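**Q** Here it is: the structure, laid out below.
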Amino acid sequence: MASLLENNLMTDQYDVAVIGAGPGGYVAGIRAAQLGLKACVIEKDKPGGVCLNWGCIPSKSLIHQAELFHSLREMEGVGVTVDRTKLNYKKVQGKSRDATKALSSGVAGLLRKNKVGLVKGTAKIAGKGLISLDDGKQIKARNILVATGSRALQIPGFEFDEKQVLSSDGILAMTELPKSLLILGAGAIGCEFAYVMNAFGVEVTLVEMAEHILPWEDYEAVAVLDKSFRDVGIQVLTGTRAKQMQRLDDSVQVTLEDSSGAPIEVTAEKVLAVFGRVPNTENLGLREIGVKLDERGYVPVGDYCQTNIPGIFAIGDITPTPALAHVASKEGEIAIEYMAGHTPMYKGVEPELVPSAIYSEPQLAGFGLREDQAKDKGVKFKKSVFPLRGAGKSIAVGKPEGLAKVLTDRDTGELLGAHVVGHNATELIHELLLGKSSELLPADIAEMIHAHPTLSEAVMEAMRGIDGKPIHM
Amino acid sequence: MAKDYVMPKLAMAMNEGTVAQWMAAEGDFLRPGDVVMAVETEKVTYEVEAPHEGYLHILVPEGETVPVETPVGKFAENEDELKSLQQEVQSQDADKPVEAAPSAVPGVAAPTGTDLRTASSTASGGRIKASPLARKIARDKGLDIALLQGTGPGGRIVKRDILLALEQGIGRFAAATAVGGMREKARLPLSGARATVASRMMESLQSSAQLASRWESDITDLLRMRTHFVAREEQFRTSVSMNAFIIRAIVSAIRQVPIINAALQGEDIVIYENVNMGLAISLPGESPWDSSLMVPVIRDVDSMGVVEIDREMKALVERARNGQLGPDDMKDSTITLSSTAGLAPPGMSTSPVLNLPNAVIVGPSTPQEKPVSRNGEIVVRTMMPMSMTFDHRILNGEPAARFMKYLHECLEHPELMLA
């Protein structure tokens, strides 16, 4: 080992070079170092990727501040008056930037601590085990792990100018609140910004082409969020597509079309276009060395995130698995463990074990089978839905809306899917996910003593509902 | 230096034993006399005590059967030694160290290192590690998880292992499948107690000259006599059963025909002085479809009255039901009683298979009331079907008939037992 390492140092060769320091790449780099591999991570921007710099983290900062701002109404209910007209959104946005700065330097620190080289530059795979950087330097590595992530999908006619028509990056960089905002696409990002902007007093219209917002989530859970959105004054238009857009001097006019084909004209100060993500697989030299890409630009991978070219691995948003930070991180670990000669627990991320999380208020989280999927597939299942208001804590803290829903196999009791909507749903989901990944049966969770009063009691009660009767219903 | 702890030879006929349960845990400090494990042999489970002092290191998991004298554990002198014993096992489990990894073939590294998924599914304490869901599916499908290798965290058996086993047909009990119009309900392993009975019965029938005879005895008077004993249940601390009287009658008949109480030993026929009565007992089987058979022994019944015989017999049955019979309880029978009374339909007679090396087995069955002729009149009497199988190598028909006749007379005229 020692001689091998020395040899590596002399030839400046790595066991693995990771392209991209997002949640996939930096985790892979650290895991590689932990397993005794000599690793470097190449990043053209700041460590942490979109997630940390232009995604999950800054948006969570905005959401937190939106919650605080929104909760001032509660304070007014007990006689505290706050002058909300003094809200300085520039400071709100500034705080979100502070959070990303702190965490980005934290990632750099972690890489340093684990002796993972952080190489600044734009990488291109020049050949087998060879990467060239934009400054002309070369890096040799036995294995290359591509973790270059994704960017906002741009649709012709709705091009981002980041002034009037914003991508998710643009809205995170925005320092002044618009009067009105039209959000095209009610996925996780669209819903989160609908909540944030509405909470700060922006007039929000949320448009979704599918039948309901968050089309990939369970409808019964989504319905709670949908109602909540409408209750706080967000205009929700589902089954509606954007046909064309016209930029005016101080507003944008968008022509929508509802499911019956009737046109709807909406004018808003700004448009947030969140149609989806595009993998960053161009200009990396992938095609040149023979790595197969699919027609949408994703890299198909086999077991342990291997591409069709030996020694080249791909993880995260550039592969067809869900574009989620936690998926990228797990894939990074799997690929690295395999390179290090271990046999990871899983050959890839199991889709049914991937949790989704939407951070509005209420929050929504879920995994596994949805009820409509179960019906379509003819799965024989049992269903239990427990309203959050049945857990006393939700009443005490004034967050009674929501539910915990579980679907289990009718015969085996296997947990097929779970969907939680409500306060702290993104934390509550993990007890259920542990139940799924550890193959617990409903009774295991139903019989476990849960502290009172907690929202987790709703999870216990939902599980009781599968084989018996919940107490508080 | 750690001492080996081997599967003890607890009976002459014992060739292998199953570690039924570890009564002490891995790493426990034990002193001589402390119970270490429960060992299961063909018919008996008994608790074994520690032969040495030391820290227990377990080598053989629960449920595993090993030949006698095979090390099943070790006794470490001190904790350091224990630790090194435990590490020895770990390093055998874990393939190659992490350091080997960078030397993998350039390009794709081959997975030569630690398998993060698998370890033994059986924890050192012998408990099988399986997820609740895996256990549930296995139970529903009749699969024995003890035979499976787990691929979950820490070697836990998870759903995919069960599904794979079902697909590959691994596991003891096959799932119900239709083959040529026959649908299997269950597949029982011919092992353990079942295998013992199978081989004993085959051996008995193939290696001896068995002859079965049947008759009926009028037990009306015996039943009447028994009522006096039953009425004194409190005094005798038992409600004396018919079996006790039958055993007493057999003893009386043996006194008249001693060669009944005999065995063939090599070239010799050995006739025994004392009578040790083997008692065939049926117990619940390992599966719901089977029963298990044991033959514990009531010693020296020739020196006992019916009350004592009854008490001894009931204590033995109780211990058999609780799985508490030891090897000593099962040996040295000189004759066997195999009663189907109460089980079989009234009037049915049996022809029991000899419990070798006994020369004779007696098989009473369920009595019934029948019209019989007494002093030229038809009367209703309680008739008990009787049978006896004897080994013609040891005795001829004449002593056998004499025995049956005297036994018959004792049952019909119980006062003869006073002789």
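The way I read the labels, and the way they are meant: chains A, B, ... in the order of the structure tokens, residue 1 as the first residue of every chain, and ligand 1 as the first ligand shown, with later ones counted on from there.
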Name the residues of region 302-379 of chain A that fall into helix (DSSP H, G or I) according to DSSP on the backbone, using the chain letters and numbers of this document, as a PyMOL selection string.
**A** chain A and resi 303-305+316-318+325-339+351-353+371-377
**Q** Do me a favour and pick out the residues of chain A within 9 Å of chain B, using only C-alpha atoms, as a PyMOL selection string.
**A** chain A and resi 1+4-5+15+35-38+128-129+141-144+306+309-312+337-346+411-414+438-441+444
**Q** How close does each residue of region 85-201 of chain A get to region 53-74 of chain A, giving the shortest atom pair and distance in Å to one decimal for every residue with an atom at most 7 Å away, counting only C-alpha atoms, sorted by chain and residue number, as CSV?
**A**
residue,atom,partner,partner_atom,distance
A:Val92,CA,A:Leu62,CA,6.8
A:Gln93,CA,A:Leu62,CA,7.0
A:Ser96,CA,A:Pro58,CA,4.7
A:Arg97,CA,A:Pro58,CA,6.5
A:Ala99,CA,A:Pro58,CA,6.7
A:Thr100,CA,A:Asn53,CA,5.4
A:Asp169,CA,A:Trp54,CA,5.7
A:Leu172,CA,A:Trp54,CA,6.8
A:Val196,CA,A:Ala66,CA,5.5
A:Ala199,CA,A:Ala66,CA,5.6
A:Phe200,CA,A:Ala66,CA,6.3
**Q** Hey, which of B:Ala2, B:Val380, B:Ile260, B:Met386 ends up closest to Ser351 (chain B)? Count only C-alpha atoms.
**A** B:Met386
**Q** Looking at only C-alpha atoms, which of B:His52, B:Lys331, B:Lys185, B:His228 is the one that sits closest to Asn355 (chain B)?
**A**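 Checking each of B:His52, B:Lys331, B:Lys185, B:His228 against Asn355 (chain B), counting only C-alpha atoms, the winner is B:Lys331.
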**Q** Between CA of Phe193 (chain A) and CA of Ala21 (chain A), what is the distance, to one decimal in Å?
**A**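 Separation of CA of Phe193 (chain A) and CA of Ala21 (chain A): 25.5 Å.
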**Q** Any idea what's packed within 7 Å of Gly368 (chain A), counting only C-alpha atoms, ignoring anything in its chain fewer than 2 positions away? Could you give it as an mmCIF file with N, CA, C and O atoms, in the first residue's frame?
**A**
data_model
loop_
_atom_site.group_PDB
_atom_site.id
_atom_site.type_symbol
_atom_site.label_atom_id
_atom_site.label_comp_id
_atom_site.auth_asym_id
_atom_site.auth_seq_id
_atom_site.Cartn_x
_atom_site.Cartn_y
_atom_site.Cartn_z
ATOM 1 N N GLU A 352 -37.618 2.809 -5.095
ATOM 2 C CA GLU A 352 -38.686 2.822 -4.088
ATOM 3 C C GLU A 352 -38.184 3.246 -2.701
ATOM 4 O O GLU A 352 -38.974 3.464 -1.798
ATOM 5 N N LEU A 353 -36.867 3.346 -2.567
ATOM 6 C CA LEU A 353 -36.307 3.762 -1.277
ATOM 7 C C LEU A 353 -35.839 5.212 -1.309
ATOM 8 O O LEU A 353 -35.142 5.656 -0.404
ATOM 9 N N ARG A 370 -47.466 5.076 -5.100
ATOM 10 C CA ARG A 370 -48.613 5.953 -4.877
ATOM 11 C C ARG A 370 -49.873 5.114 -5.055
ATOM 12 O O ARG A 370 -49.843 4.076 -5.709
ATOM 13 N N LEU A 416 -45.409 -0.567 1.076
ATOM 14 C CA LEU A 416 -45.209 -0.313 -0.352
ATOM 15 C C LEU A 416 -44.931 1.152 -0.635
ATOM 16 O O LEU A 416 -44.189 1.482 -1.559
ATOM 17 N N GLY A 417 -45.532 2.004 0.144
ATOM 18 C CA GLY A 417 -45.326 3.438 -0.067
ATOM 19 C C GLY A 417 -45.870 4.203 1.116
ATOM 20 O O GLY A 417 -46.721 3.705 1.855
ATOM 21 N N ALA A 418 -45.345 5.415 1.294
ATOM 22 C CA ALA A 418 -45.852 6.257 2.373
ATOM 23 C C ALA A 418 -45.799 7.700 1.903
ATOM 24 O O ALA A 418 -44.894 8.094 1.153
#
**Q** Could you give me, as a PyMOL selection string, each residue of region 265-307 of chain A that DSSP assigns to strand (DSSP E) when run on this structure's backbone?
**A** chain A and resi 265-268+270-273+277-279
**Q** Quick one: residues within 10 Å of region 318-331 of chain A, only C-alpha atoms, excluding same-chain residues fewer than 3 positions away - as a VMD selection string?
**A** chain A and resid 22 to 28 31 49 to 52 55 to 56 146 to 150 276 to 281 293 to 294 296 to 301 304 to 305 307 313 to 315 334 to 337 346 to 351 353 to 357
**Q** As an exercise, work out the distance from CA of Ala320 (chain B) to CA of Val48 (chain B) in Å and give it to one decimal place.
**A**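 CA of Val48 (chain B) lies at a distance of 18.0 Å from CA of Ala320 (chain B).
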**Q** Could you jot down the CA of Glu49 (chain B) to CA of Asp34 (chain B) separation for me, Å, one decimal place?
**A** 5.3 Å
**Q** Write out as number ranges by chain which residues come within 8 Å of region 207-216 of chain B when counting only C-alpha atoms, dropping same-chain ones fewer than 2 positions away.
**A** B: 203-205, 218, 349-354, 383-393, 408
**Q** Could you pull the residues within 12 Å of Arg112 (chain A), counting only C-alpha atoms, minus those fewer than 4 positions along the same chain, as a list in words?
**A**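 Close residues of Arg112 (chain A): Tyr26, Gly29, Ile30, Ala33, Ala39, Cys40, Val41, Pro47, Ser105, Gly106, Val107, Ala108, Val116, Gly117, Leu118 and Val119 of chain A.
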**Q** Have a look at B:Leu223, B:Ile250, B:Ala195, B:Leu147 and name the one nearest to Leu416 (chain B); count only C-alpha atoms.
**A**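 Answer, going by the shortest atom-to-atom distance: B:Ile250.
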